>>> print(open('final.cif').read())   # mmCIF, C-alpha atoms and all ligand atoms
data_start
#
loop_
_atom_site.label_atom_id
_atom_site.label_comp_id
_atom_site.auth_asym_id
_atom_site.auth_seq_id
_atom_site.Cartn_x
_atom_site.Cartn_y
_atom_site.Cartn_z
CA MET A 1 -209.51 -25.94 -20.99
CA ARG A 2 -208.81 -28.40 -23.82
CA GLY A 3 -209.99 -25.74 -26.26
CA SER A 4 -207.47 -23.21 -25.02
CA ILE A 5 -204.57 -25.73 -25.19
CA LYS A 6 -205.57 -26.48 -28.76
CA MET A 7 -205.65 -22.74 -29.49
CA CYS A 8 -202.24 -22.27 -27.93
CA VAL A 9 -200.72 -25.06 -30.03
CA LEU A 10 -202.27 -23.57 -33.19
CA VAL A 11 -200.83 -20.13 -32.40
CA MET A 12 -197.39 -21.64 -31.82
CA ILE A 13 -197.50 -23.55 -35.12
CA GLY A 14 -198.57 -20.34 -36.89
CA ALA A 15 -195.71 -18.37 -35.34
CA ALA A 16 -193.24 -21.09 -36.32
CA ILE A 17 -194.46 -21.01 -39.94
CA ILE A 18 -194.16 -17.21 -40.10
CA PHE A 19 -190.67 -17.33 -38.59
CA TYR A 20 -189.58 -20.03 -41.03
CA GLN A 21 -190.97 -18.12 -44.04
CA SER A 22 -189.31 -14.86 -43.04
CA HIS A 23 -186.05 -16.74 -42.60
CA LEU A 24 -186.42 -18.24 -46.08
CA SER A 25 -187.17 -14.92 -47.75
CA ASN A 26 -184.32 -13.18 -45.92
CA THR A 27 -181.96 -15.74 -47.38
CA LEU A 28 -183.34 -14.96 -50.81
CA VAL A 29 -183.00 -11.20 -50.34
CA VAL A 30 -179.32 -11.57 -49.45
CA ARG A 31 -178.78 -13.56 -52.61
CA ILE A 32 -180.55 -10.98 -54.75
CA GLU A 33 -178.66 -8.07 -53.24
CA THR A 34 -175.27 -9.59 -53.76
CA ASN A 35 -175.85 -10.78 -57.33
CA GLN A 36 -176.35 -8.18 -60.01
CA GLU A 37 -176.17 -10.65 -62.87
CA LEU A 38 -177.38 -14.22 -62.83
CA PRO A 39 -177.16 -15.09 -66.52
CA ASN A 40 -178.81 -18.48 -66.47
CA ALA A 41 -181.37 -18.03 -63.76
CA LYS A 42 -185.11 -18.00 -64.32
CA GLU A 43 -187.62 -15.47 -63.09
CA GLU A 44 -188.51 -15.81 -59.44
CA MET A 45 -190.98 -13.94 -57.32
CA PHE A 46 -191.06 -13.84 -53.56
CA VAL A 47 -192.45 -11.84 -50.68
CA ASP A 48 -190.57 -10.76 -47.62
CA GLY A 49 -190.76 -8.11 -44.93
CA ASN A 50 -189.52 -5.45 -47.36
CA GLY A 51 -192.06 -6.10 -50.03
CA ILE A 52 -192.31 -8.18 -53.16
CA GLY A 53 -189.08 -9.29 -54.79
CA VAL A 54 -188.32 -10.41 -58.27
CA ALA A 55 -185.29 -11.82 -59.96
CA ALA A 56 -185.89 -11.38 -63.67
CA VAL A 57 -182.86 -12.61 -65.54
CA GLY A 58 -181.55 -14.41 -68.57
CA ALA A 59 -182.96 -11.92 -71.09
CA GLY A 60 -180.68 -11.95 -74.09
CA ASN A 61 -177.38 -10.28 -73.43
CA SER A 62 -178.31 -8.37 -70.33
CA GLY A 63 -179.71 -10.08 -67.29
CA ALA A 64 -181.20 -8.01 -64.53
CA VAL A 65 -182.01 -8.51 -60.90
CA GLY A 66 -183.94 -6.37 -58.52
CA ILE A 67 -186.33 -6.09 -55.69
CA LEU A 68 -189.70 -4.48 -56.13
CA ASN A 69 -190.06 -2.67 -52.89
CA ILE A 70 -193.23 -1.51 -51.31
CA ASN A 71 -191.15 -0.03 -48.51
CA SER A 72 -189.27 2.85 -50.14
CA ASN A 73 -186.84 3.18 -47.20
CA SER A 74 -185.00 0.08 -48.25
CA HIS A 75 -184.29 1.36 -51.78
CA SER A 76 -181.07 3.03 -50.72
CA GLN A 77 -179.71 -0.27 -49.45
CA LEU A 78 -179.87 -1.88 -52.85
CA ALA A 79 -177.12 -0.04 -54.70
CA LEU A 80 -178.92 -0.69 -57.97
CA PRO A 81 -178.19 1.75 -60.83
CA PRO A 82 -180.84 4.49 -60.77
CA LEU A 83 -183.68 4.56 -63.29
CA TYR A 84 -184.76 7.99 -64.51
CA ILE A 85 -188.29 7.82 -65.82
CA ILE A 86 -189.16 10.81 -68.02
CA THR A 87 -192.92 11.27 -68.26
CA PRO A 88 -194.46 14.01 -70.39
CA THR A 89 -197.98 14.91 -69.30
CA TYR A 90 -200.59 17.59 -69.93
CA TYR A 91 -203.80 18.94 -68.44
CA ARG A 92 -206.94 17.02 -69.39
CA ALA A 93 -209.68 15.00 -67.68
CA GLU A 94 -207.61 11.80 -68.01
CA GLN A 95 -204.41 13.26 -66.53
CA LEU A 96 -204.97 12.35 -62.88
CA PRO A 97 -206.17 8.81 -63.54
CA GLU A 98 -203.22 8.16 -65.91
CA LEU A 99 -200.69 9.51 -63.43
CA THR A 100 -202.31 7.56 -60.61
CA ARG A 101 -201.92 4.35 -62.59
CA LEU A 102 -198.32 5.03 -63.58
CA SER A 103 -197.30 6.21 -60.12
CA HIS A 104 -198.65 3.02 -58.58
CA THR A 105 -196.53 1.04 -61.01
CA LEU A 106 -193.40 3.03 -60.26
CA MET A 107 -193.96 2.70 -56.51
CA LEU A 108 -193.13 -0.97 -56.98
CA VAL A 109 -189.79 -0.25 -58.65
CA PRO A 110 -186.65 0.36 -56.56
CA ASN A 111 -184.28 3.27 -57.02
CA VAL A 112 -186.45 5.24 -59.40
CA HIS A 113 -186.38 8.98 -59.94
CA TRP A 114 -189.54 10.10 -61.69
CA LEU A 115 -189.31 13.21 -63.87
CA VAL A 116 -192.86 14.41 -64.43
CA ILE A 117 -192.84 17.21 -66.95
CA GLU A 118 -195.99 19.11 -67.73
CA ASP A 119 -196.71 20.65 -71.09
CA ALA A 120 -197.83 23.83 -69.31
CA HIS A 121 -196.56 27.22 -68.16
CA THR A 122 -197.24 26.52 -64.48
CA LYS A 123 -197.26 23.36 -62.39
CA SER A 124 -200.63 21.84 -61.60
CA PRO A 125 -201.15 21.68 -57.81
CA LEU A 126 -203.17 18.49 -58.26
CA VAL A 127 -200.25 16.80 -60.01
CA GLY A 128 -197.92 18.11 -57.30
CA GLU A 129 -200.13 16.66 -54.54
CA LEU A 130 -200.28 13.32 -56.35
CA LEU A 131 -196.47 13.23 -56.56
CA GLU A 132 -196.09 14.08 -52.87
CA ARG A 133 -198.35 11.17 -51.95
CA THR A 134 -196.28 8.60 -53.86
CA SER A 135 -193.16 8.60 -51.62
CA LEU A 136 -191.16 8.33 -54.85
CA LYS A 137 -188.12 10.44 -55.62
CA PHE A 138 -189.45 12.88 -58.20
CA SER A 139 -188.89 16.18 -59.97
CA HIS A 140 -191.94 18.14 -61.05
CA LEU A 141 -191.06 20.34 -64.02
CA VAL A 142 -192.80 22.29 -66.77
CA ALA A 143 -191.91 22.63 -70.45
CA PRO A 144 -194.69 24.09 -72.60
CA MET A 145 -194.93 23.20 -76.28
CA PRO A 146 -193.77 26.27 -78.25
CA ASP A 147 -196.75 28.22 -79.66
CA LYS A 148 -195.72 27.68 -83.28
CA TYR A 149 -196.27 23.93 -82.90
CA LYS A 150 -199.54 24.29 -81.00
CA LYS A 151 -201.24 25.74 -84.08
CA ARG A 152 -200.33 22.74 -86.21
CA LYS A 153 -202.83 20.00 -86.97
CA VAL A 154 -200.36 17.21 -86.16
CA LYS A 155 -198.42 18.27 -83.09
CA PRO A 156 -195.07 17.07 -81.74
CA ARG A 157 -196.65 15.74 -78.53
CA GLY A 158 -194.48 15.59 -75.45
CA VAL A 159 -191.29 16.71 -77.21
CA SER A 160 -190.56 19.90 -75.26
CA ASN A 161 -191.23 17.90 -72.06
CA ARG A 162 -188.84 15.09 -73.01
CA ASN A 163 -186.10 17.54 -74.02
CA ARG A 164 -186.53 19.22 -70.63
CA GLY A 165 -186.06 15.78 -69.09
CA LEU A 166 -182.83 15.30 -71.05
CA GLN A 167 -181.61 18.70 -69.83
CA TRP A 168 -182.35 17.68 -66.24
CA ILE A 169 -180.42 14.41 -66.72
CA ARG A 170 -177.42 16.30 -68.10
CA GLU A 171 -177.48 18.63 -65.08
CA HIS A 172 -178.14 16.08 -62.31
CA ALA A 173 -177.43 12.48 -63.30
CA THR A 174 -174.10 10.70 -63.61
CA ASN A 175 -175.01 7.02 -64.01
CA GLY A 176 -177.93 4.69 -64.48
CA VAL A 177 -180.47 4.58 -67.27
CA PHE A 178 -183.31 6.78 -68.53
CA TYR A 179 -186.58 5.85 -70.21
CA PHE A 180 -189.34 7.90 -71.84
CA ALA A 181 -192.52 6.60 -70.23
CA ASP A 182 -195.67 8.31 -71.52
CA ASP A 183 -198.38 8.74 -68.91
CA ASP A 184 -200.93 6.55 -70.71
CA ASN A 185 -199.01 3.34 -71.46
CA THR A 186 -199.11 0.11 -69.45
CA TYR A 187 -195.84 -1.14 -68.01
CA ASP A 188 -194.91 -4.61 -66.77
CA LEU A 189 -192.63 -4.39 -63.73
CA ARG A 190 -190.16 -6.82 -65.29
CA LEU A 191 -189.37 -4.19 -67.93
CA PHE A 192 -187.78 -1.84 -65.40
CA GLU A 193 -185.46 -4.49 -63.98
CA GLN A 194 -184.35 -5.50 -67.46
CA MET A 195 -183.58 -1.99 -68.72
CA ARG A 196 -181.63 -1.09 -65.56
CA PHE A 197 -178.33 -2.53 -66.84
CA THR A 198 -178.44 -0.95 -70.31
CA LYS A 199 -174.91 -0.17 -71.48
CA LYS A 200 -175.78 1.94 -74.54
CA VAL A 201 -179.33 1.60 -75.86
CA SER A 202 -181.62 -1.34 -75.13
CA MET A 203 -184.78 -2.21 -77.04
CA TRP A 204 -187.79 -4.54 -76.75
CA PRO A 205 -191.25 -5.06 -78.26
CA VAL A 206 -194.17 -2.67 -77.67
CA GLY A 207 -197.68 -4.09 -77.88
CA LEU A 208 -200.74 -2.42 -79.45
CA ILE A 209 -198.83 -0.40 -82.06
CA THR A 210 -200.28 0.17 -85.55
CA LYS A 211 -202.16 -2.40 -87.61
CA LEU A 212 -199.41 -4.95 -86.99
CA GLY A 213 -200.27 -4.96 -83.29
CA VAL A 214 -196.66 -4.86 -82.20
CA SER A 215 -193.49 -2.92 -82.94
CA SER A 216 -190.26 -4.80 -82.30
CA PRO A 217 -186.70 -5.40 -83.36
CA ILE A 218 -186.59 -8.59 -85.45
CA VAL A 219 -184.38 -11.30 -84.01
CA ARG A 220 -183.19 -14.07 -86.32
CA ASN A 221 -180.87 -16.82 -85.06
CA GLY A 222 -180.42 -14.86 -81.87
CA THR A 223 -179.23 -11.63 -83.48
CA PHE A 224 -180.73 -8.34 -84.61
CA ASP A 225 -182.13 -8.45 -88.15
CA GLY A 226 -184.11 -5.26 -88.72
CA PHE A 227 -187.35 -3.79 -87.38
CA TYR A 228 -190.98 -4.89 -87.51
CA ASP A 229 -193.20 -1.80 -87.40
CA GLY A 230 -196.37 -0.76 -89.21
CA TRP A 231 -194.83 2.56 -90.25
CA ILE A 232 -191.27 2.44 -91.55
CA ALA A 233 -191.35 5.76 -93.48
CA GLY A 234 -187.63 5.79 -94.20
CA ARG A 235 -186.79 5.75 -90.51
CA LYS A 236 -183.43 4.30 -89.54
CA PHE A 237 -184.93 3.38 -86.15
CA PRO A 238 -188.64 2.62 -86.75
CA VAL A 239 -189.49 2.09 -83.09
CA ASP A 240 -191.94 3.43 -80.52
CA MET A 241 -191.07 5.81 -77.71
CA ALA A 242 -191.87 3.07 -75.17
CA GLY A 243 -189.52 0.59 -76.85
CA PHE A 244 -186.07 1.72 -75.76
CA ALA A 245 -183.95 2.92 -72.83
CA VAL A 246 -180.61 4.70 -72.84
CA SER A 247 -177.61 4.69 -70.52
CA VAL A 248 -177.07 8.05 -68.81
CA LYS A 249 -173.31 7.85 -69.43
CA PHE A 250 -173.95 7.16 -73.12
CA LEU A 251 -176.11 10.31 -73.30
CA LEU A 252 -173.59 12.44 -71.43
CA GLU A 253 -170.95 11.51 -74.00
CA ARG A 254 -173.27 12.95 -76.68
CA PRO A 255 -173.85 16.60 -75.76
CA ASN A 256 -175.88 17.33 -78.90
CA ALA A 257 -178.41 14.51 -78.56
CA THR A 258 -181.94 15.92 -78.66
CA MET A 259 -185.47 15.06 -79.74
CA PRO A 260 -186.73 16.87 -82.88
CA PHE A 261 -190.15 18.61 -83.00
CA LYS A 262 -191.06 16.39 -85.95
CA PRO A 263 -194.30 14.44 -85.50
CA GLY A 264 -193.80 10.76 -86.26
CA PHE A 265 -190.02 11.08 -86.31
CA GLU A 266 -189.35 11.88 -82.65
CA GLU A 267 -187.89 8.46 -81.80
CA ASP A 268 -185.91 8.17 -85.02
CA GLY A 269 -184.55 11.70 -84.72
CA PHE A 270 -183.54 11.20 -81.10
CA LEU A 271 -181.87 7.82 -81.72
CA ARG A 272 -180.03 9.20 -84.77
CA SER A 273 -178.81 12.10 -82.63
CA LEU A 274 -177.07 9.52 -80.41
CA ALA A 275 -174.50 8.88 -83.18
CA PRO A 276 -172.16 7.16 -83.17
CA PHE A 277 -174.82 4.51 -82.57
CA GLU A 278 -175.92 1.86 -85.06
CA PRO A 279 -178.78 -0.68 -85.01
CA LYS A 280 -176.19 -3.48 -84.52
CA ASP A 281 -175.30 -1.88 -81.14
CA ILE A 282 -178.83 -2.41 -79.77
CA GLU A 283 -179.10 -4.54 -76.63
CA LEU A 284 -182.10 -6.82 -77.12
CA LEU A 285 -184.19 -7.34 -73.98
CA ALA A 286 -187.49 -9.06 -73.12
CA SER A 287 -185.95 -12.50 -73.68
CA ASN A 288 -184.54 -11.64 -77.09
CA CYS A 289 -187.68 -9.67 -77.91
CA THR A 290 -190.07 -12.61 -77.43
CA LYS A 291 -192.11 -10.96 -74.66
CA VAL A 292 -194.37 -7.90 -74.53
CA LEU A 293 -193.53 -5.96 -71.36
CA VAL A 294 -195.07 -2.63 -72.36
CA TRP A 295 -198.33 -1.79 -74.09
CA HIS A 296 -199.13 1.36 -76.01
CA THR A 297 -202.55 1.72 -74.43
CA GLN A 298 -204.67 4.76 -75.24
CA THR A 299 -207.40 6.06 -72.99
CA LYS A 300 -210.70 7.12 -74.47
CA LYS A 301 -211.06 10.90 -74.46
CA ASN A 302 -213.77 12.08 -72.10
CA GLU A 303 -215.97 15.08 -72.75
CA ARG A 304 -215.69 17.93 -70.31
CA SER A 305 -218.27 17.31 -67.58
CA GLN A 306 -221.31 19.55 -67.10
CA PRO A 307 -220.93 22.43 -64.64
CA LEU A 308 -222.11 21.79 -61.12
CA ASP A 309 -225.37 23.43 -60.03
CA MET A 310 -223.92 25.53 -57.20
CA VAL A 311 -227.35 26.66 -55.95
CA LYS A 312 -228.34 23.06 -55.36
CA TYR A 313 -224.94 21.55 -54.43
CA GLY A 314 -222.70 24.49 -53.43
CA THR A 315 -222.36 23.31 -49.83
CA THR A 316 -221.85 19.59 -50.55
CA ASN A 317 -219.02 17.11 -51.23
CA LEU A 318 -219.69 17.50 -54.95
CA VAL A 319 -217.71 20.76 -54.95
CA ASP A 320 -214.56 18.83 -53.97
CA LEU A 321 -215.23 16.08 -56.49
CA LYS A 322 -215.63 18.58 -59.32
CA LYS A 323 -212.08 19.86 -58.68
CA VAL A 324 -210.56 16.59 -59.87
CA ILE A 325 -213.14 15.67 -62.50
CA PHE A 326 -212.97 18.89 -64.64
N1 LIG B 1 -198.54 15.06 -74.31
C1 LIG B 1 -198.16 16.35 -73.97
N2 LIG B 1 -198.76 17.42 -74.63
C2 LIG B 1 -199.71 17.25 -75.58
C3 LIG B 1 -200.10 15.93 -75.92
C4 LIG B 1 -199.48 14.86 -75.28
O1 LIG B 1 -197.33 16.54 -73.10
O2 LIG B 1 -200.22 18.24 -76.13
C5 LIG B 1 -197.91 13.91 -73.63
C6 LIG B 1 -198.90 12.85 -73.14
O3 LIG B 1 -199.31 13.09 -71.80
C7 LIG B 1 -198.11 11.55 -73.30
C8 LIG B 1 -197.16 11.85 -74.46
O4 LIG B 1 -197.07 13.27 -74.56
O5 LIG B 1 -197.36 11.26 -72.14
C9 LIG B 1 -197.65 11.27 -75.80
O6 LIG B 1 -198.93 11.77 -76.06
P1 LIG B 1 -200.14 10.83 -76.53
O7 LIG B 1 -200.29 9.71 -75.56
O8 LIG B 1 -201.34 11.70 -76.74
O9 LIG B 1 -199.60 10.32 -77.93
P2 LIG B 1 -199.79 8.90 -78.62
O10 LIG B 1 -199.42 7.87 -77.62
O11 LIG B 1 -201.22 8.81 -78.98
O12 LIG B 1 -198.87 8.97 -79.75
MN MN B 2 -200.12 7.61 -75.72
#
>>> encode(input="final.cif", output="structure tokens", more="lines below")
Ligand code: UDP
Ligand code: MN
Amino acid sequence: MRGSIKMCVLVMIGAAIIFYQSHLSNTLVVRIETNQELPNAKEEMFVDGNGIGVAAVGAGNSGAVGILNINSNSHSQLALPPLYIITPTYYRAEQLPELTRLSHTLMLVPNVHWLVIEDAHTKSPLVGELLERTSLKFSHLVAPMPDKYKKRKVKPRGVSNRNRGLQWIREHATNGVFYFADDDNTYDLRLFEQMRFTKKVSMWPVGLITKLGVSSPIVRNGTFDGFYDGWIAGRKFPVDMAGFAVSVKFLLERPNATMPFKPGFEEDGFLRSLAPFEPKDIELLASNCTKVLVWHTQTKKNERSQPLDMVKYGTTNLVDLKKVIF
């Protein structure tokens, strides 16, 4: 009898704690939703019934606030500017694992529309099934690399895909921000909340680039003072594809902006095509470019796997596994 009273008291204390915590986090959610800019706040993380929240602010000239939702239904309540994530991808053994990784990052970002654009003539059903499983808003498109570039030793990788993404934005988007997110990089969630309020073009450091280890705008006394990159090559904007985001409105005002099929000069060519736009106009994020929020990771290429012995294994689970392993 005494045991069950004790149990009852414990349950009541537990319920009271849960109630108190949910009350606390609700208060926080209201604050986040009603404040789009909190210039002097610090980063805060919290958990509530809708998922994990973050307020990541005070980064240079453009603070950003958002909620990282696990529950996609609540995205529409946020009224945050949309993020269009343009991801070029192509068929290879690493494609599904890369897209799995990236999709699971994007599932934690509110109000995202993922443009997954295959360098292929037809859509891969496996990629389509992966996208369906994410619960993300997405568009699954194809944009094959023109044959004349395929024959070249150094290819303009992902360019036809990204230009297809730009075309989609011109046809469907009116506000928000877009970002070229390759399928193999590693993205910190804070990056998405910071780029969301880009007015023209925002930039930040990218880790694991060239011998220097990082590519970044240089910030001296709080202002832009050139670029640090292992390969300048006469580029006006010597930056990596993962190192900038662009306002949709800014793009729409520039009907001729496009990415050139010029290996090594894709970023520079695209950013130049946004003229009028000068390096001094860059919005510096990641706490005035002092933090690495995206890494240019590269996955080891895997050999094609050996064919399955169908006589031995033709009626087993291995047949299904082979379909995704290649
Ligand atoms: N990509 C593509 N077609 C290709 C090669 C690459 O669509 O023939 C995509 C790839 O999936 C990635 C982006 O283009 O999202 C950049 O390619 P990769 O990562 O190989 O280039 P790197 O990062 O090494 O410059
Ligand atoms: Mn890459």
>>> closest_residue(input="final.cif", among="A:Leu83, A:Lys280, A:Asn221, A:His121", to="Val246 in chain A", atoms="all atoms listed in the file")
A:Leu83
>>> residues_around(input="final.cif", residues="Ala181 in chain A", least_positions_apart="2", cutoff="7 Å", atoms="only C-alpha atoms", output="list in words")
Ile85, Ile86, Thr87, Tyr179, Asp183 and Ala242 of chain A
>>> residues_near_ligand(input="final.cif", ligand="ligand LIG 1 (chain B)", cutoff="6 Å", atoms="all atoms listed in the file", output="number ranges by chain")
A: 87-90, 119, 157-158, 182-184
>>> atom_distance(input="final.cif", atom1="CA of Trp114 in chain A", atom2="CA of Phe178 in chain A")
9.8 Å
>>> atom_distance(input="final.cif", atom1="CA of Phe261 in chain A", atom2="CA of Lys148 in chain A")
10.6 Å
>>> residues_around(input="final.cif", residues="Gln306 in chain A", least_positions_apart="5", cutoff="12 Å", atoms="all atoms listed in the file", output="mmCIF file with C-alpha atoms, in the frame of the given file")
data_model
loop_
_atom_site.group_PDB
_atom_site.id
_atom_site.type_symbol
_atom_site.label_atom_id
_atom_site.label_comp_id
_atom_site.auth_asym_id
_atom_site.auth_seq_id
_atom_site.Cartn_x
_atom_site.Cartn_y
_atom_site.Cartn_z
ATOM 1 C CA LYS A 322 -215.630 18.580 -59.320
ATOM 2 C CA ILE A 325 -213.140 15.670 -62.500
ATOM 3 C CA PHE A 326 -212.970 18.890 -64.640
#
>>> closest_residue(input="final.cif", among="A:Glu253, A:Ser216, A:Thr299, A:Tyr149", to="ligand MN 2 (chain B)", atoms="all atoms listed in the file")
A:Thr299
>>> closest_residue(input="final.cif", among="A:Thr316, A:Thr186, A:Ser273, A:Pro82", to="ligand MN 2 (chain B)", atoms="only C-alpha atoms and all ligand atoms")
A:Thr186
>>> closest_residue(input="final.cif", among="A:Glu193, A:Glu266, A:Glu132, A:Glu98", to="Lys155 in chain A", atoms="only C-alpha atoms")
A:Glu266
>>> closest_residue(input="final.cif", among="A:Lys262, A:Arg164, A:Lys123, A:His296", to="Ala143 in chain A", atoms="only C-alpha atoms")
A:Arg164
>>> residues_near_point(input="final.cif", point="(-179.3, 14.2, -67.9)", cutoff="12 Å", atoms="only C-alpha atoms", output="number ranges by chain")
A: 83-86, 113, 115, 162-179, 246-258
>>> closest_residue(input="final.cif", among="A:Val154, A:Tyr228, A:Pro217, A:Glu283", to="Thr198 in chain A", atoms="all atoms listed in the file")
A:Glu283
>>> atom_distance(input="final.cif", atom1="CA of Lys236 in chain A", atom2="CA of Asp268 in chain A")
6.4 Å
